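Colleague: Below is final-v8.txt; it holds compact mmCIF, C-alpha atoms and all ligand atoms.
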# COMPACT_ATOMS: atom_id res chain seq x y z
CA VAL A 1 38.59 -143.70 69.55
CA SER A 2 41.57 -141.41 70.03
CA ARG A 3 41.46 -137.92 68.58
CA GLY A 4 44.25 -138.75 66.15
CA LYS A 5 42.49 -141.85 64.87
CA ALA A 6 39.15 -140.06 64.55
CA ALA A 7 40.79 -137.33 62.47
CA THR A 8 42.27 -139.85 60.02
CA LEU A 9 38.82 -141.41 59.52
CA ALA A 10 36.95 -138.13 59.01
CA PRO A 11 36.14 -136.77 55.55
CA PRO A 12 38.58 -134.08 54.39
CA GLY A 13 37.79 -130.40 54.77
CA MET A 14 37.46 -128.44 51.58
CA ARG A 15 39.86 -125.63 52.30
CA GLY A 16 43.58 -126.08 51.89
CA TRP A 17 45.83 -129.01 52.67
CA ASP A 18 44.63 -130.99 55.71
CA PHE A 19 46.28 -134.38 55.21
CA GLY A 20 49.00 -135.30 57.70
CA ASP A 21 50.23 -132.32 59.63
CA PHE A 22 51.97 -130.48 56.80
CA PRO A 23 52.03 -130.53 52.99
CA TYR A 24 53.04 -133.97 51.74
CA GLY A 25 52.86 -135.46 55.25
CA LEU A 26 51.49 -138.97 55.81
CA GLU A 27 48.61 -140.61 57.64
CA PRO A 28 48.22 -144.25 58.67
CA LEU A 29 45.59 -146.26 56.80
CA THR A 30 43.11 -148.35 58.82
CA LEU A 31 42.01 -151.46 56.95
CA PRO A 32 39.92 -154.38 58.16
CA PRO A 33 41.58 -157.80 58.02
CA PRO A 34 42.07 -158.96 54.44
CA GLY A 35 39.59 -161.25 52.77
CA THR A 36 36.56 -159.01 52.66
CA GLY A 37 35.85 -157.04 49.52
CA TRP A 38 34.36 -153.61 49.82
CA LEU A 39 31.04 -152.75 48.19
CA PRO A 40 30.40 -149.23 49.37
CA ASP A 41 26.84 -148.31 50.14
CA ALA A 42 27.22 -144.59 49.89
CA ALA A 43 23.50 -143.87 49.78
CA GLN A 44 23.48 -143.09 53.51
CA GLU A 45 26.61 -140.99 53.42
CA LEU A 46 25.26 -137.71 52.08
CA ASP A 47 28.14 -135.70 53.52
CA LEU A 48 30.69 -137.92 51.74
CA ARG A 49 28.85 -137.54 48.45
CA ASN A 50 28.86 -133.78 48.97
CA CYS A 51 32.54 -133.96 49.78
CA TYR A 52 33.18 -135.60 46.39
CA LEU A 53 31.03 -132.96 44.64
CA SER A 54 32.98 -130.15 46.35
CA LEU A 55 36.22 -131.68 45.15
CA LEU A 56 35.09 -131.08 41.58
CA SER A 57 35.06 -127.32 42.04
CA ALA A 58 37.56 -126.81 44.87
CA ASP A 59 40.70 -124.74 44.42
CA LEU A 60 43.14 -127.59 44.74
CA ARG A 61 46.43 -125.73 44.67
CA THR A 62 48.79 -125.80 47.64
CA ASP A 63 52.47 -124.98 48.28
CA PRO A 64 54.50 -126.06 45.25
CA VAL A 65 57.32 -128.40 46.07
CA LYS A 66 60.84 -126.96 46.12
CA ALA A 67 63.84 -128.84 44.78
CA ASP A 68 65.07 -129.43 48.37
CA ASP A 69 61.78 -131.10 49.36
CA LEU A 70 61.49 -133.59 46.54
CA GLU A 71 62.37 -136.52 48.75
CA ARG A 72 59.39 -135.73 51.01
CA LEU A 73 57.10 -135.38 47.97
CA PHE A 74 58.12 -138.70 46.41
CA TRP A 75 57.95 -140.45 49.76
CA PHE A 76 54.38 -139.11 50.18
CA ARG A 77 53.55 -140.40 46.70
CA TRP A 78 55.10 -143.81 47.37
CA ILE A 79 53.14 -144.41 50.60
CA THR A 80 49.91 -142.59 49.79
CA GLY A 81 49.77 -143.95 46.22
CA HIS A 82 50.04 -147.45 47.67
CA HIS A 83 47.21 -146.66 50.12
CA VAL A 84 44.91 -145.57 47.30
CA SER A 85 45.87 -148.74 45.40
CA PHE A 86 45.00 -150.92 48.44
CA LEU A 87 41.58 -149.24 48.62
CA LEU A 88 41.07 -149.77 44.87
CA TRP A 89 41.93 -153.48 45.27
CA ARG A 90 39.27 -153.75 48.00
CA LEU A 91 36.74 -152.00 45.74
CA LEU A 92 37.70 -154.36 42.91
CA ALA A 93 37.32 -157.40 45.16
CA GLY A 94 33.84 -156.21 46.17
CA ALA A 95 32.78 -155.69 42.55
CA LEU A 96 34.22 -159.07 41.50
CA ALA A 97 32.21 -160.74 44.27
CA GLY A 98 29.11 -158.99 42.87
CA LEU A 99 29.78 -160.48 39.44
CA ALA A 100 30.39 -163.92 40.90
CA ALA A 101 27.05 -163.74 42.70
CA ALA A 102 25.35 -163.38 39.29
CA ASP A 103 24.68 -159.68 39.72
CA PRO A 104 21.75 -158.91 37.38
CA ASP A 105 23.49 -155.62 36.69
CA GLY A 106 26.54 -157.38 35.25
CA ALA A 107 27.35 -154.88 32.51
CA ALA A 108 27.43 -151.99 34.97
CA THR A 109 29.59 -153.99 37.39
CA THR A 110 32.03 -154.87 34.61
CA GLY A 111 32.15 -151.18 33.65
CA ARG A 112 32.93 -150.37 37.28
CA ILE A 113 35.69 -152.98 37.41
CA ILE A 114 37.24 -151.56 34.22
CA GLU A 115 37.29 -148.07 35.72
CA TYR A 116 38.85 -149.25 38.98
CA VAL A 117 41.55 -151.15 37.06
CA ARG A 118 42.25 -147.97 35.09
CA ALA A 119 42.45 -146.00 38.35
CA TYR A 120 45.02 -148.54 39.61
CA SER A 121 47.10 -147.99 36.44
CA ALA A 122 46.92 -144.26 37.13
CA MET A 123 48.05 -144.83 40.72
CA LEU A 124 50.98 -146.98 39.55
CA LEU A 125 52.15 -144.04 37.43
CA TYR A 126 51.65 -141.60 40.30
CA THR A 127 53.26 -143.83 42.95
CA GLY A 128 56.24 -144.54 40.70
CA SER A 129 56.78 -140.95 39.50
CA SER A 130 59.93 -140.47 41.60
CA THR A 131 63.25 -139.64 39.99
CA ARG A 132 65.46 -142.66 39.57
CA LYS A 133 67.97 -141.14 42.00
CA ILE A 134 65.47 -140.68 44.86
CA TYR A 135 63.95 -144.11 44.21
CA ASN A 136 67.31 -145.86 44.34
CA GLU A 137 68.87 -143.82 47.13
CA THR A 138 65.87 -143.49 49.46
CA ILE A 139 62.80 -145.53 48.60
CA ARG A 140 64.29 -148.86 47.58
CA PRO A 141 66.81 -148.97 50.46
CA SER A 142 63.96 -148.29 52.92
CA MET A 143 62.30 -151.55 51.85
CA PHE A 144 65.62 -153.41 51.78
CA ARG A 145 66.27 -152.30 55.37
CA LEU A 146 63.15 -154.16 56.53
CA HIS A 147 63.81 -157.25 54.46
CA ASN A 148 66.20 -158.06 51.63
CA THR A 149 63.42 -159.68 49.56
CA PHE A 150 60.65 -157.18 50.37
CA SER A 151 58.02 -157.74 47.68
CA GLY A 152 54.62 -156.60 46.39
CA THR A 153 53.60 -160.26 46.51
CA TRP A 154 53.43 -159.87 50.32
CA SER A 155 50.38 -157.64 50.20
CA ALA A 156 47.49 -159.41 51.94
CA ASP A 157 44.92 -157.28 50.11
CA TYR A 158 46.27 -158.06 46.66
CA ARG A 159 45.39 -161.74 46.90
CA ALA A 160 41.70 -161.15 46.16
CA VAL A 161 42.57 -159.48 42.83
CA ARG A 162 45.71 -161.36 41.81
CA GLY A 163 43.73 -163.71 39.54
CA LEU A 164 42.26 -160.73 37.71
CA PHE A 165 45.65 -159.09 37.14
CA ARG A 166 47.42 -162.28 36.17
CA GLY A 167 44.69 -162.56 33.50
CA ARG A 168 44.76 -166.32 33.37
CA GLN A 169 41.00 -166.54 33.42
CA LEU A 170 38.06 -164.18 33.18
CA PRO A 171 36.27 -163.26 36.37
CA THR A 172 33.42 -165.60 37.27
CA GLY A 173 30.05 -164.35 36.08
CA ILE A 174 31.30 -161.89 33.47
CA SER A 175 28.91 -161.68 30.54
CA TYR A 176 29.61 -158.30 28.97
CA GLY A 177 32.75 -156.36 28.17
CA ALA A 178 35.24 -159.18 28.68
CA ASP A 179 37.50 -157.87 25.89
CA ALA A 180 37.50 -154.34 27.24
CA LEU A 181 38.36 -155.64 30.70
CA GLN A 182 41.20 -157.77 29.37
CA ARG A 183 42.62 -154.76 27.51
CA GLU A 184 42.49 -152.69 30.69
CA VAL A 185 44.22 -155.41 32.73
CA ARG A 186 46.94 -155.75 30.09
CA LEU A 187 47.46 -151.99 30.17
CA SER A 188 47.92 -152.06 33.93
CA ASN A 189 50.50 -154.85 33.63
CA ARG A 190 52.39 -152.84 31.02
CA VAL A 191 52.27 -149.75 33.23
CA HIS A 192 53.71 -151.77 36.15
CA ALA A 193 56.54 -153.06 33.93
CA ASP A 194 57.11 -149.55 32.55
CA VAL A 195 57.36 -148.01 36.02
CA ALA A 196 59.73 -150.79 37.14
CA ALA A 197 61.96 -150.30 34.07
CA ARG A 198 62.04 -146.52 34.51
CA LEU A 199 63.10 -146.69 38.13
CA VAL A 200 65.47 -149.65 38.16
CA ALA A 201 67.92 -150.16 35.31
CA ASP A 202 66.94 -153.80 34.71
CA GLY A 203 63.45 -153.56 36.29
CA ARG A 204 64.48 -156.24 38.80
CA SER A 205 62.79 -156.31 42.22
CA LEU A 206 64.61 -156.88 45.52
CA LEU A 207 63.22 -160.42 45.52
CA GLN A 208 64.54 -161.18 42.03
CA ARG A 209 67.93 -159.66 42.84
CA GLN A 210 68.32 -161.86 45.92
CA LEU A 211 67.20 -164.99 44.09
CA GLU A 212 69.74 -164.29 41.35
CA GLU A 213 72.56 -163.64 43.79
CA ASN A 214 71.71 -166.56 46.12
CA PRO A 215 69.94 -169.17 44.03
CA ALA A 216 70.42 -171.79 46.75
CA ALA A 217 68.85 -169.69 49.54
CA PRO A 218 65.59 -171.05 50.97
CA ALA A 219 62.45 -169.44 49.53
CA PRO A 220 61.60 -166.39 51.66
CA ARG A 221 58.34 -166.33 53.59
CA ALA A 222 55.58 -163.91 52.60
CA TRP A 223 55.70 -161.41 55.45
CA THR A 224 52.31 -159.73 55.19
CA SER A 225 52.71 -157.96 58.54
CA VAL A 226 56.09 -156.50 57.54
CA PHE A 227 54.41 -155.24 54.37
CA ASP A 228 51.61 -153.64 56.45
CA CYS A 229 54.05 -152.00 58.89
CA TYR A 230 56.16 -150.57 56.07
CA PHE A 231 53.09 -149.07 54.40
CA LEU A 232 51.67 -147.62 57.68
CA THR A 233 48.66 -149.90 57.52
CA VAL A 234 46.80 -150.63 60.75
CA ARG A 235 44.55 -153.70 60.79
CA ALA A 236 41.43 -152.92 62.81
CA SER A 237 37.72 -152.95 62.25
CA ALA A 238 36.71 -150.21 59.83
CA THR A 239 33.27 -149.47 58.45
CA GLY A 240 32.51 -148.80 54.78
CA ARG A 241 32.20 -145.16 55.75
CA ASP A 242 35.70 -145.19 57.30
CA LEU A 243 37.12 -146.60 54.07
CA LEU A 244 35.30 -144.06 51.92
CA SER A 245 36.50 -141.16 54.09
CA GLN A 246 40.06 -142.44 53.94
CA LEU A 247 39.82 -142.71 50.15
CA LEU A 248 38.45 -139.17 49.92
CA ARG A 249 41.17 -137.80 52.22
CA ARG A 250 43.90 -139.35 50.12
CA CYS A 251 42.42 -138.52 46.75
CA LYS A 252 42.00 -134.87 47.72
CA ALA A 253 45.68 -134.74 48.78
CA VAL A 254 46.79 -136.48 45.56
CA LEU A 255 44.68 -134.12 43.43
CA MET A 256 46.16 -131.11 45.24
CA ASP A 257 49.65 -132.41 44.61
CA LEU A 258 48.91 -133.00 40.91
CA ALA A 259 47.21 -129.60 40.48
CA THR A 260 50.19 -127.87 42.09
CA ASN A 261 53.24 -129.82 40.95
CA GLY A 262 52.13 -131.88 37.95
CA LEU A 263 52.93 -135.58 37.67
CA TYR A 264 56.60 -134.89 36.87
CA PRO A 265 57.48 -131.71 38.83
CA ALA A 266 59.51 -129.18 36.85
CA VAL A 267 62.03 -128.85 39.73
CA ALA A 268 62.83 -132.60 39.63
CA ASP A 269 65.75 -133.81 37.58
CA TYR A 270 64.50 -136.51 35.24
CA GLU A 271 67.57 -136.33 33.05
CA GLU A 272 68.18 -140.05 33.34
CA PHE A 273 64.48 -140.72 32.85
CA VAL A 274 64.61 -140.72 29.06
CA PRO A 275 61.32 -141.92 27.61
CA ASP A 276 62.07 -145.44 26.53
CA GLN A 277 60.66 -147.89 24.04
CA LEU A 278 57.95 -148.86 26.50
CA ARG A 279 56.25 -145.52 26.11
CA ALA A 280 52.95 -145.85 24.31
CA PRO A 281 49.99 -143.59 23.52
CA ASP A 282 47.63 -145.43 25.89
CA ILE A 283 50.07 -145.04 28.81
CA GLU A 284 50.59 -141.40 27.94
CA SER A 285 46.86 -140.74 27.91
CA CYS A 286 46.60 -142.42 31.32
CA GLU A 287 49.29 -139.95 32.52
CA ARG A 288 47.55 -136.97 30.97
CA GLU A 289 44.12 -137.90 32.37
CA LEU A 290 45.42 -139.04 35.74
CA ALA A 291 43.48 -136.56 37.89
CA ASP A 292 40.20 -137.23 36.03
CA ILE A 293 40.66 -141.00 36.28
CA VAL A 294 41.16 -140.76 40.05
CA LEU A 295 38.16 -138.45 40.41
CA ARG A 296 35.96 -140.85 38.45
CA ALA A 297 36.91 -143.76 40.70
CA VAL A 298 35.96 -141.70 43.77
CA GLY A 299 32.72 -140.67 42.05
CA LEU A 300 31.88 -144.33 41.49
CA ALA A 301 32.77 -145.33 45.05
CA THR A 302 30.63 -142.55 46.53
CA GLY A 303 27.71 -143.47 44.26
CA CYS A 304 27.74 -140.02 42.62
CA LEU A 305 28.63 -141.45 39.20
CA GLU A 306 27.49 -144.46 37.24
CA PRO A 307 30.07 -146.61 35.42
CA ALA A 308 30.63 -145.61 31.82
CA GLY A 309 29.68 -149.17 30.85
CA ALA A 310 31.84 -151.71 29.10
CA PRO A 311 32.43 -150.14 25.67
CA GLU A 312 31.21 -152.98 23.53
CA SER A 313 28.53 -154.13 25.97
CA SER A 314 25.55 -152.56 24.18
CA ALA A 315 26.58 -154.19 20.88
CA GLU A 316 26.85 -157.56 22.63
CA ALA A 317 23.61 -157.04 24.49
CA VAL A 318 21.50 -156.45 21.41
CA SER A 319 23.04 -159.14 19.22
C1 LIG B 401 54.52 -148.12 41.80
C2 LIG B 401 53.98 -148.87 42.74
C3 LIG B 401 54.02 -150.36 42.70
C4 LIG B 401 53.00 -151.17 43.10
C5 LIG B 401 51.63 -150.73 43.65
C6 LIG B 401 53.43 -152.54 42.89
C7 LIG B 401 52.67 -153.64 43.24
C8 LIG B 401 53.06 -154.94 43.04
C9 LIG B 401 52.30 -156.11 43.42
C10 LIG B 401 50.93 -156.09 44.07
C11 LIG B 401 52.99 -157.20 43.07
C12 LIG B 401 52.56 -158.66 43.23
C13 LIG B 401 52.10 -159.21 41.90
C14 LIG B 401 51.60 -160.63 41.97
O1 LIG B 401 51.68 -161.27 43.02
O2 LIG B 401 51.13 -161.13 40.92
C15 LIG B 401 54.23 -156.74 42.49
C16 LIG B 401 55.23 -157.57 42.02
C17 LIG B 401 56.37 -157.13 41.42
N1 LIG B 401 56.78 -155.82 41.27
FE1 LIG B 401 55.72 -154.17 41.77
N2 LIG B 401 54.69 -152.54 42.36
C18 LIG B 401 55.10 -151.23 42.24
C19 LIG B 401 56.34 -150.80 41.81
C20 LIG B 401 57.35 -151.63 41.38
C21 LIG B 401 58.70 -151.18 41.05
C22 LIG B 401 59.22 -149.74 41.17
C23 LIG B 401 59.38 -152.27 40.64
C24 LIG B 401 60.82 -152.26 40.20
C25 LIG B 401 61.69 -153.10 40.54
C26 LIG B 401 58.47 -153.42 40.71
C27 LIG B 401 58.77 -154.73 40.37
C28 LIG B 401 58.00 -155.83 40.64
C29 LIG B 401 58.37 -157.20 40.33
C30 LIG B 401 59.62 -157.63 39.57
C31 LIG B 401 57.35 -158.02 40.82
C32 LIG B 401 57.30 -159.57 40.78
C33 LIG B 401 57.43 -160.14 42.17
C34 LIG B 401 58.74 -159.77 42.84
O3 LIG B 401 59.80 -160.01 42.25
O4 LIG B 401 58.70 -159.20 43.94
N3 LIG B 401 57.26 -152.98 41.18
N4 LIG B 401 54.24 -155.37 42.49
Re-express the file's structure as structure tokens.
Modeller:
Amino acid sequence: VSRGKAATLAPPGMRGWDFGDFPYGLEPLTLPPPGTGWLPDAAQELDLRNCYLSLLSADLRTDPVKADDLERLFWFRWITGHHVSFLLWRLLAGALAGLAAADPDGAATTGRIIEYVRAYSAMLLYTGSSTRKIYNETIRPSMFRLHNTFSGTWSADYRAVRGLFRGRQLPTGISYGADALQREVRLSNRVHADVAARLVADGRSLLQRQLEENPAAPAPRAWTSVFDCYFLTVRASATGRDLLSQLLRRCKAVLMDLATNGLYPAVADYEEFVPDQLRAPDIESCERELADIVLRAVGLATGCLEPAGAPESSAEAVS
């Protein structure tokens, strides 16, 4: 294992910014081939559990972003926010497999799934917190340069959770908290639509734009490897510990960014970013509680926290 690779798979240190080589730098994400969910067994990983506990009391401030560096900050958020989302999808796939295997602890697993879905909503808000100008002048063209129909549907890791997010049917084996889970999934779909509408005037993706402009063009292929290359994702074997360390590294960096700059940095010009009709109290509370929601997901993954439990599960269980 090269020194560089080993460093990206090690748990973060607790002093100062140590992600990438400079504040708001990037690191590649090592993921195993798609298709396997991730059910972390953190019991053996005492140092990772301690790492999570230290995060709770660490001084998370770093260099605040200056107006001239906003492009670097939003680029970091775009790539690193996607990485955290990929890891959350793997965690979700692992928990869904637990439910499908008739997990006797079904209520707790549903509670866990609900919290991971909420953490994904939080990451959508974080990842998409760019100004409209930087999104349209830097981020969107960078995807277009690789492919004119570059699309989220190309993510190989999303496939295991697509059914859940499309909400057509409840996960197999769910016995408690189905309503609460459906509400959480609907919220995440609204957040996705909200972020899209904030950043792109008509919320249209590159894929939709191309299909509109060239309706007769052949259907594009789903280029999963182009998607991986764009998002600095290396496919190689990775242990559960490697995934947990990579999650901790990223979450610490995200929490430092939020503690220092806030979700919508004061030096960024959001003039065009007028709150629109899509704004709603549940989305706003997800924005306000973003850091706590992310921390809870890491607490669950490291086994330091138990799921809050599906809200109406106890009522259902006794009736
Ligand atoms: C903020 C981070 C984002 C993430 C993690 C994300 C993720 C995804 C994923 C996984 C899909 C596939 C859904 C499926 O197959 O059912 C998707 C589709 C889509 N996304 Fe996003 N998305 C993000 C931002 C955006 C933005 C900024 C737009 C604005 C244009 C957008 C517009 C769409 C559209 C229209 C689709 C439907 C498929 C397509 O036309 O490509 N998303 N997204």
Colleague: Please give me, as a short mmCIF file (atom, residue, chain, number, x, y, z; two decimals) with C-alpha atoms, in the frame of the given file, the residues lying within 8 Å of ligand LIG 401 (chain B) when counting all atoms listed in the file.
Modeller:
data_model
loop_
_atom_site.label_atom_id
_atom_site.label_comp_id
_atom_site.auth_asym_id
_atom_site.auth_seq_id
_atom_site.Cartn_x
_atom_site.Cartn_y
_atom_site.Cartn_z
CA TRP A 78 55.10 -143.81 47.37
CA GLY A 81 49.77 -143.95 46.22
CA HIS A 82 50.04 -147.45 47.67
CA SER A 85 45.87 -148.74 45.40
CA MET A 123 48.05 -144.83 40.72
CA LEU A 124 50.98 -146.98 39.55
CA LEU A 125 52.15 -144.04 37.43
CA TYR A 126 51.65 -141.60 40.30
CA THR A 127 53.26 -143.83 42.95
CA GLY A 128 56.24 -144.54 40.70
CA SER A 129 56.78 -140.95 39.50
CA TYR A 135 63.95 -144.11 44.21
CA THR A 149 63.42 -159.68 49.56
CA PHE A 150 60.65 -157.18 50.37
CA SER A 151 58.02 -157.74 47.68
CA GLY A 152 54.62 -156.60 46.39
CA THR A 153 53.60 -160.26 46.51
CA TRP A 154 53.43 -159.87 50.32
CA SER A 155 50.38 -157.64 50.20
CA TYR A 158 46.27 -158.06 46.66
CA ARG A 159 45.39 -161.74 46.90
CA ARG A 162 45.71 -161.36 41.81
CA GLY A 163 43.73 -163.71 39.54
CA PHE A 165 45.65 -159.09 37.14
CA ARG A 166 47.42 -162.28 36.17
CA HIS A 192 53.71 -151.77 36.15
CA ALA A 193 56.54 -153.06 33.93
CA VAL A 195 57.36 -148.01 36.02
CA ALA A 196 59.73 -150.79 37.14
CA ALA A 197 61.96 -150.30 34.07
CA ARG A 198 62.04 -146.52 34.51
CA LEU A 199 63.10 -146.69 38.13
CA VAL A 200 65.47 -149.65 38.16
CA ASP A 202 66.94 -153.80 34.71
CA GLY A 203 63.45 -153.56 36.29
CA ARG A 204 64.48 -156.24 38.80
CA SER A 205 62.79 -156.31 42.22
CA LEU A 206 64.61 -156.88 45.52
CA LEU A 207 63.22 -160.42 45.52
CA GLN A 208 64.54 -161.18 42.03
#
Colleague: For the point (39.2, -148.6, 52.0) in file coordinates, what residues are within 7 Å, counting only C-alpha atoms? Give the answer as a PyMOL selection string?
Modeller: chain A and resi 31+87+90+243-244+246-247
Colleague: Would you mind reading off the distance between atom CA of Asp21 of chain A and atom CA of Arg3 of chain A, one decimal, in Å?
Modeller: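 Between atom CA of Asp21 of chain A and atom CA of Arg3 of chain A the gap is 13.7 Å.
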Colleague: Pull the closest atom pair for each residue of segment 153-219 of chain A that gets at most 12 Å from segment 290-309 of chain A, along with the distance in Å to one decimal, counting all atoms listed in the file, ordering rows by chain and then ascending residue number, as a Markdown table.
Modeller:
| residue | atom | partner | partner_atom | distance |
| --- | --- | --- | --- | --- |
| A:Tyr176 | CA | A:Gly309 | CA | 9.3 |
| A:Gly177 | CA | A:Gly309 | CA | 8.3 |
| A:Ala178 | CA | A:Gly309 | CA | 11.7 |
| A:Ala180 | CA | A:Gly309 | CA | 10.0 |
| A:Leu181 | CA | A:Gly309 | CA | 10.8 |
Colleague: So, counting all atoms listed in the file, which residue among A:Arg235, A:Tyr264, A:Ser175, A:Pro218 is closest to Val65 of chain A?
Modeller: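 Of A:Arg235, A:Tyr264, A:Ser175, A:Pro218, the one nearest Val65 of chain A is A:Tyr264, counting all atoms listed in the file.
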Colleague: Excluding segment 94-98 of chain A and its own-chain neighbours fewer than 6 positions away, which residues fall within 7 Å of it when counting all atoms listed in the file? Please give them as a ChimeraX atom specification.
Modeller: /A:37-39,109,113,171
Colleague: Starting from the incomplete input, reconstruct N, CA and C atoms of segment 38-50 of chain A and report them as a PDB file, keeping the file's coordinate frame.
Modeller:
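Okay, this is what ended up in result.pdb:
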ATOM      1  N   TRP A  38      35.033-154.810  49.343  1.00  0.00           N
ATOM      2  CA  TRP A  38      34.360-153.610  49.820  1.00  0.00           C
ATOM      3  C   TRP A  38      33.384-153.156  48.745  1.00  0.00           C
ATOM      4  N   LEU A  39      32.108-153.229  49.086  1.00  0.00           N
ATOM      5  CA  LEU A  39      31.040-152.750  48.190  1.00  0.00           C
ATOM      6  C   LEU A  39      30.413-151.561  48.870  1.00  0.00           C
ATOM      7  N   PRO A  40      30.884-150.362  48.583  1.00  0.00           N
ATOM      8  CA  PRO A  40      30.400-149.230  49.370  1.00  0.00           C
ATOM      9  C   PRO A  40      28.908-149.010  49.158  1.00  0.00           C
ATOM     10  N   ASP A  41      28.231-148.700  50.258  1.00  0.00           N
ATOM     11  CA  ASP A  41      26.840-148.310  50.140  1.00  0.00           C
ATOM     12  C   ASP A  41      26.819-146.851  50.559  1.00  0.00           C
ATOM     13  N   ALA A  42      27.023-145.997  49.563  1.00  0.00           N
ATOM     14  CA  ALA A  42      27.220-144.590  49.890  1.00  0.00           C
ATOM     15  C   ALA A  42      25.902-143.843  50.029  1.00  0.00           C
ATOM     16  N   ALA A  43      24.789-144.571  49.794  1.00  0.00           N
ATOM     17  CA  ALA A  43      23.500-143.870  49.780  1.00  0.00           C
ATOM     18  C   ALA A  43      23.263-143.116  51.094  1.00  0.00           C
ATOM     19  N   GLN A  44      23.723-143.708  52.205  1.00  0.00           N
ATOM     20  CA  GLN A  44      23.480-143.090  53.510  1.00  0.00           C
ATOM     21  C   GLN A  44      24.461-141.952  53.806  1.00  0.00           C
ATOM     22  N   GLU A  45      25.505-141.884  53.047  1.00  0.00           N
ATOM     23  CA  GLU A  45      26.610-140.990  53.420  1.00  0.00           C
ATOM     24  C   GLU A  45      26.543-139.693  52.625  1.00  0.00           C
ATOM     25  N   LEU A  46      25.470-138.933  52.870  1.00  0.00           N
ATOM     26  CA  LEU A  46      25.260-137.710  52.080  1.00  0.00           C
ATOM     27  C   LEU A  46      26.454-136.762  52.172  1.00  0.00           C
ATOM     28  N   ASP A  47      27.031-136.662  53.376  1.00  0.00           N
ATOM     29  CA  ASP A  47      28.140-135.700  53.520  1.00  0.00           C
ATOM     30  C   ASP A  47      29.350-136.137  52.690  1.00  0.00           C
ATOM     31  N   LEU A  48      29.550-137.465  52.543  1.00  0.00           N
ATOM     32  CA  LEU A  48      30.690-137.920  51.740  1.00  0.00           C
ATOM     33  C   LEU A  48      30.435-137.681  50.252  1.00  0.00           C
ATOM     34  N   ARG A  49      29.169-137.842  49.849  1.00  0.00           N
ATOM     35  CA  ARG A  49      28.850-137.540  48.450  1.00  0.00           C
ATOM     36  C   ARG A  49      29.053-136.052  48.187  1.00  0.00           C
ATOM     37  N   ASN A  50      28.645-135.228  49.142  1.00  0.00           N
ATOM     38  CA  ASN A  50      28.860-133.780  48.970  1.00  0.00           C
ATOM     39  C   ASN A  50      30.342-133.437  48.953  1.00  0.00           C
TER      40      ASN A  50
END
